[in-house]
Structures are given as structure tokens and as C-alpha cells.
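Below is one structure, written out as C-alpha cells; comments come after it.
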Amino acid sequence: MARRNRTRLLLAGCIVLGALAALLAAPVADRLSRTIAAQAAERPTLKAFGSDWELRRFMRRLARRYPPMPAPAMATPSAPAESVVVTAAGAPQPGITNVQEAGVDEGDIVKLHGDTLVVLRRGRLFTIALDGLHPVDSINAYPPGVDARGDWYDEMLIAGDRIVVIGYSYGRGGTQIDRFRIDDKGRLAFQDAYQLRSNDYYSARNYASRLIGSRLIVYSPRYLPYGDADPFEALPALRRWNPKEEGGGRFERIGTAREVYLPPNLPYDQIEAVHTVVSCDLAAAVLGCKATSVFGPESRTFYVSTHAVYVWLSPYWRDGERGRRAPSLVYRLPLDGGAPTATGVRGAPVDQFSFREDAGVLNVLVRSEGEGDAMWAPERTSGAVGLLRLPLSAFGDGLHEPGKPHYRLLPLTSEGYDFHNRFVGDYVLYGVGNGWGRPQNAASTIYAAPINGGAVAQLPLPHGVDRIEIIGRDAVVVGSDANNLYFSAVDLAPGAAPALGDRYVQNGAAQAETRSHGFFFHPEDGAGNGVLGLPITRPARPAYRQLTEDSAAVTFLRRSAGHFAPLGELAADETRLADDQCVASCVDWYGNARPIFIGRRVFALMGYELVEGALGATAIRETGRVPFAPRPVPAR
């Protein structure tokens, strides 16, 4: 995931010209950051609580809105704090993860450290040397001495020589932040572990963690207790795991009441959770974290741009009829440490891909019925579709909303619950697919709406819209029928109406991964030519099988001059499957297969195998294969 956040006076022409020259010489991103920061300083912000007494009184009132009942059972997870502050650590390096925002890395199951590939799978970390292609090391992804049977370790990020694994523990309660050291040979060592007090962050589409430089950003929800429970148990807290202390250590509050912000004009019966964005410096010897917390409904969608974190909160019941008040809120938490702002909004985004922050504007594709991106909620949205063009100047104290002129109603004739959307260039694309069920023989439509207004292209497809990805200036829509897998290009040439481009059909296959990280496009020039990879499996396999079954292969296509050409597959060896004696995270919620491009080298990660291929003009051929499954422990 860079940053955001002028001069006047007339003394002499040389001073003015000098200042102007300096301004023009500054990077565009820096100028934009200063402009946004200057505008933000001129508008109202959210009001923080002034003291713990104020905050406790407010939360006590919330606890009494319903008869006493037990707090949600899912979690239990505090250090000094201010607002979230992120500093860059040099220019972003090319990554191997299919991220939404350049320069904002996302937690995934595979990352690169020098010439070593690091893989997170089923509660363990593995390293594989790319020089010679051989396994180097492995280690449990959880702290030594803990019972990890109720743990899920989902996301991994690397900053310098530190690996951080993000997970959730039902047994100990809270979001796990486990740090490991990796040396230049790929050897691993456990460093320390922390727990953030939270409920489960899982989303079938989104990722809880981002990395900008060495700054880790983690989103976590915490549901409010009812009755006489201590209300401060819902506030963000952190503990450093110490197995020698009772319960593993004591949670310490992150920050004070001044980092918790009053919900603007929300009825008490719609305040169900504390939503927290935590920022930690991974390079610190002892993890130092800061937190910013806001109140709102339980339903949320979380998006990180290079300038800010956005949290969109919508009640499960739409309440816009109450005095015309906007039923939803979107919070903006600046990454430069500025005060959070908010505005009233309507509708609900489907997932993180419903957002894009442009220069001075937040674009959001919304549906009239949605429940945020927690768990499987993004797989079941419905209703009308609209595009919100929200000027960043509209964010303030949250007591107002931008109004109807900022919304544009868009067409949707193929109603369905599995809705996908993506901003690509000057357009937002959207459509409906098969979801987590069995692929069906059904036609669909991909819609391409110009962000700045104009006619919406409605392009018919012989398959569902199960994935929308960016390939250069254009897009590719991936979907299946009951027998085959389709790759349909959408040409988005400047000055021309969107149109369907080339289509490739992979007979007898279906995509084996639904998460965005399962796809990768490796550009070969600046004109949209390149190679794409996607894990595949047998036809008509329900998508939910990806949680427990390995991919059959990774297929590769080359796009050249607008046309797709199959390059072949790197296939898994099913004879190598063995009992890995899994202890933690024994379901692949984040998938287990990835296409990987590193310079001129191409790999396919499939379960416990890494296969290398050599790309030719018309085909890919296997050149190396390394299994890295943990060795079974002999039975006693």
C-alpha cells in the first residue's frame, strides 16, 4: 500500500519563479499529498473522546440499549498510541502478489526474500532457495509452546529480514501478529509474537493486513458487549506473548480515549462494534503499535489507498427513512497521522475492489443491499448498482452527506448474488458469476461504465463473471460454464467505446482459486502484452472445494497484439500427496496455488510443490520441481 497529506508572496520575480520551479520539480505524488493535506486542514474532523471517563460513560449507555446478554464468544485481545502514521521506506519494489494498489503490499501465502521464496501453508512457514531450487528451512507459524489447534494463520508479509504472519486464534482469543527472522540463506528463526484484542477478521475476498515500507497496517473488528461487562474490553489492546506468564501475558490498551472517535449522529441501536486500524513498525526491536478506533454497525468494508484507510460501515437494516439521515458512514483515516474524517453515504460496497481513490476523489461502486466484506457477506449482495464520486473535500465531521448529484445509477439486468467489480483505467467493470457453487451453463453480461459519465457498455458473455483482472490498459474476465473455463478480454482503448476482445476457452477446466491473489499478469511491454497465470482444476468443481483440494495445474496464456495464445500448464504431481500431520490452519481459506513471475523465471506453486517452467515463444516447459511437504513424524 504512499502518502498524502504552498507558497505565496510577491517579493521579486526571481523568488516567485524559483518557488514555481521547485514546485514543478517535486514529484507529482508529493504535490498531491500536500494539496490533500492542506484541504484536510481546512475542514472539520471527527471529535475524539476527551477522557476515559467520557468514553466509559458513552459505552455504558451503549451496553444498556438491550437486555443483558453474553458478549460474542469469538475473541479476547492493548500499548501507547496516536493516530495511524505510515512512513515510506524507499520506492516500492516489484512484487509477486497481485495487489490492488501499487506500493501497498497485501498479506498472502507466498512472498519473495532475495533469492528465497517463502511459503505459508497449514500453520507452517517454508523457505525454498531459487538458486538450485531446493528446500531450505521450515518452522511453525505460531509461537513455541502454544496449543495451536484453534488457530488460523492466513497472511504473510516481509519487511527487510523480518517475516510477519497474521492469524487468528480462537483458543487464546484475538488476532495473532507473529514475527520471524530470515537470513540471506533462507534460514528461519522465531522472534516474538503479539496478540491484538479483536474478533475474527476473516473475509472471503479481502485481506486484513497491508504493508507500506516497514509499516504494518491491520484492520480488526471488536463487537460491543451488552449488560454489565467491562466496556473497555471492546477497545484495542495488545499483549506480547509470554508463555511463562499466566494466560500468556496481560493485554495493555493501545492509546487513550483521544484515539477513539465519536460516531457522528448514529442511533445507539446501530452501534454494534469498534472498528480499529492498527499501525505497527515491523522494524522495531519490540513491536510498537498505534491505533485509531471508530464506532459503527458490525457490517464493514475495508480499503487502503496510498494515502488513507477507508472503513465503510452499513447497518444490516437500511434506516434512511428516519428523518432522511444517510444510513451508512464511510470513515477516512489518513496515513500521515491526520485526524479521521467521515461522511454519510448510502448503499454498500461489495468488497475492496469497489473502491478507488483518484486525485481528490473517492470512487465507490455500491449496491442497494449489502452486508460488507466480513466472512462470506461479499458473496451475497443484491439490488440496484450505483457509482459514487465522492470529493475528498466532502469528508468532515460525518454529520452531512454528499447528496444525490454525487451518485449515478448504473444498469444491471443479470441479477445475481455473486457480484464482482473492478476499476480499470477510466472505467469501472462489474457483472455476476457463479460464486462458491458449481459452475452453471448460463450467459451473463459484463458492464463497463465510464467513471466520468457517458454511456455504459453492456457486453454479452457466454459464461459467468467470476473474476475481473487488469491486463495492461485492458481487462480480462474469467468465468466458467459447466464444462469449460473462459478468458474474455475487454478492450478499453482510449477514445473508443469498450468492446469485447479476444476470447480463449480452456476446455475441461474450472478456476481453482477465487481469491484475487490466485491470478497474476506479467507485462512484457507497456502496450498490454504479457503472460498471465491462473490455477485450474477439473470442470464443474464447486468453488468451495478449493478449501480442501489442491489445484490440478497452473495454466499460462500469452497476450500479444490483443490475442490470447495458450502456453500450456505446469501440473501438480498427485502421487506426492501425503499426510502432513497438520496441527493449525488445516483448511486453505486463502488458497494454496499461485502463478509466480520473478524476472525471467516462471513458477507454479501448488500445495506442497513448487514447479519451475521455461517460457518459450509458443509454450512453457517444466524445468524443475521441488516438493517441500513437512516430513511425517514416525508413529510411536
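As shown in the C-alpha cells, the chain order sets the letters A, B, ...; within each chain, residues go from 1, and ligands are also counted from 1 in the order they appear.
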
**Request:** Identify, on the basis of only C-alpha atoms, every residue whose closest approach to Tyr153 (chain A) does not exceed 9 Å; exclude the query and any residue fewer than 5 positions from it along the same chain; express the result as a ChimeraX atom specification.
**Result:** /A:120-124,141-142,165-169,176,584-585

**Message:** Just want the 6 Å neighbourhood of Val294 (chain A), counted on only C-alpha atoms, with same-chain residues fewer than 6 positions away dropped. Output as a list in words.
**Reply:**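 After dropping sequence-adjacent residues, the list is Val260, Tyr261, Val274 and His275 of chain A.
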
Selection file, N, CA, C and O atoms, as an mmCIF file, in the first residue's frame:
data_model
loop_
_atom_site.group_PDB
_atom_site.id
_atom_site.type_symbol
_atom_site.label_atom_id
_atom_site.label_comp_id
_atom_site.auth_asym_id
_atom_site.auth_seq_id
_atom_site.Cartn_x
_atom_site.Cartn_y
_atom_site.Cartn_z
ATOM 1 N N VAL A 260 -9.959 7.376 20.121
ATOM 2 C CA VAL A 260 -11.266 6.771 19.859
ATOM 3 C C VAL A 260 -12.214 7.909 19.506
ATOM 4 O O VAL A 260 -12.300 8.907 20.234
ATOM 5 N N TYR A 261 -12.942 7.736 18.402
ATOM 6 C CA TYR A 261 -13.706 8.863 17.858
ATOM 7 C C TYR A 261 -15.208 8.631 17.976
ATOM 8 O O TYR A 261 -15.708 7.525 17.758
ATOM 9 N N VAL A 274 -16.588 -1.819 17.569
ATOM 10 C CA VAL A 274 -15.474 -0.887 17.469
ATOM 11 C C VAL A 274 -14.605 -1.376 16.319
ATOM 12 O O VAL A 274 -14.175 -2.534 16.299
ATOM 13 N N HIS A 275 -14.368 -0.515 15.349
ATOM 14 C CA HIS A 275 -13.545 -0.849 14.191
ATOM 15 C C HIS A 275 -12.204 -0.142 14.356
ATOM 16 O O HIS A 275 -12.155 1.084 14.500
#

**Prompt:** Where does DSSP see strand (DSSP E or B) in region 343-552 of chain A, if you list the residues as a PyMOL selection string?
**Reply:** chain A and resi 343-345+348-349+355-358+361-369+375+382-391+396-397+407-410+419-424+427-432+444-450+457-461+467-471+474-480+485-491+499-506+510-511+520-523+530-537

**Request:** Per DSSP on the backbone, filter region 225-436 of chain A down to the residues in helix (DSSP H, G or I) and report them as a list in words.
**Result:**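 Helix (DSSP H, G or I) members of region 225-436 of chain A, listed: Pro231, Phe232, Glu233, Ala234, Glu246, Gly247, Gly248, Ala257, Arg258, Glu259, Tyr268, Asp269, Gln270, Gln352, Phe353, Ser354, Ala377, Pro378, Glu379, Leu392, Ser393, Ala394, Lys404, Pro405 and His406 of chain A.
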
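If you count only C-alpha atoms and ignore residues fewer than 2 places along the chain from His463 (chain A), what sits within 6 Å of it is Ala442, Ala443, Ser444, Leu461, Gly479, Ser480 and Asp481 of chain A.
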
With N, CA, C and O atoms retained, export the selected residues as a compact mmCIF listing (two decimals), in the first residue's frame.
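See result.txt below for the written result:
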# COMPACT_ATOMS: atom_id res chain seq x y z
N ALA A 442 -24.72 -20.74 -18.13
CA ALA A 442 -25.54 -19.53 -18.13
C ALA A 442 -24.74 -18.37 -18.71
O ALA A 442 -23.57 -18.17 -18.36
N ALA A 443 -25.38 -17.62 -19.60
CA ALA A 443 -24.76 -16.42 -20.15
C ALA A 443 -24.83 -15.30 -19.12
O ALA A 443 -25.61 -15.34 -18.17
N SER A 444 -24.01 -14.30 -19.31
CA SER A 444 -24.03 -13.15 -18.41
C SER A 444 -23.62 -11.91 -19.20
O SER A 444 -23.44 -11.96 -20.42
N LEU A 461 -21.63 -12.17 -22.52
CA LEU A 461 -20.63 -13.22 -22.35
C LEU A 461 -21.32 -14.59 -22.31
O LEU A 461 -22.43 -14.70 -21.78
N GLY A 479 -14.37 -16.75 -16.22
CA GLY A 479 -15.58 -17.40 -15.74
C GLY A 479 -15.73 -18.77 -16.35
O GLY A 479 -14.98 -19.15 -17.26
N SER A 480 -16.69 -19.54 -15.86
CA SER A 480 -16.87 -20.91 -16.31
C SER A 480 -18.31 -21.18 -16.68
O SER A 480 -19.24 -20.49 -16.23
N ASP A 481 -18.48 -22.21 -17.51
CA ASP A 481 -19.78 -22.85 -17.63
C ASP A 481 -19.61 -24.24 -17.00
O ASP A 481 -18.65 -24.48 -16.26
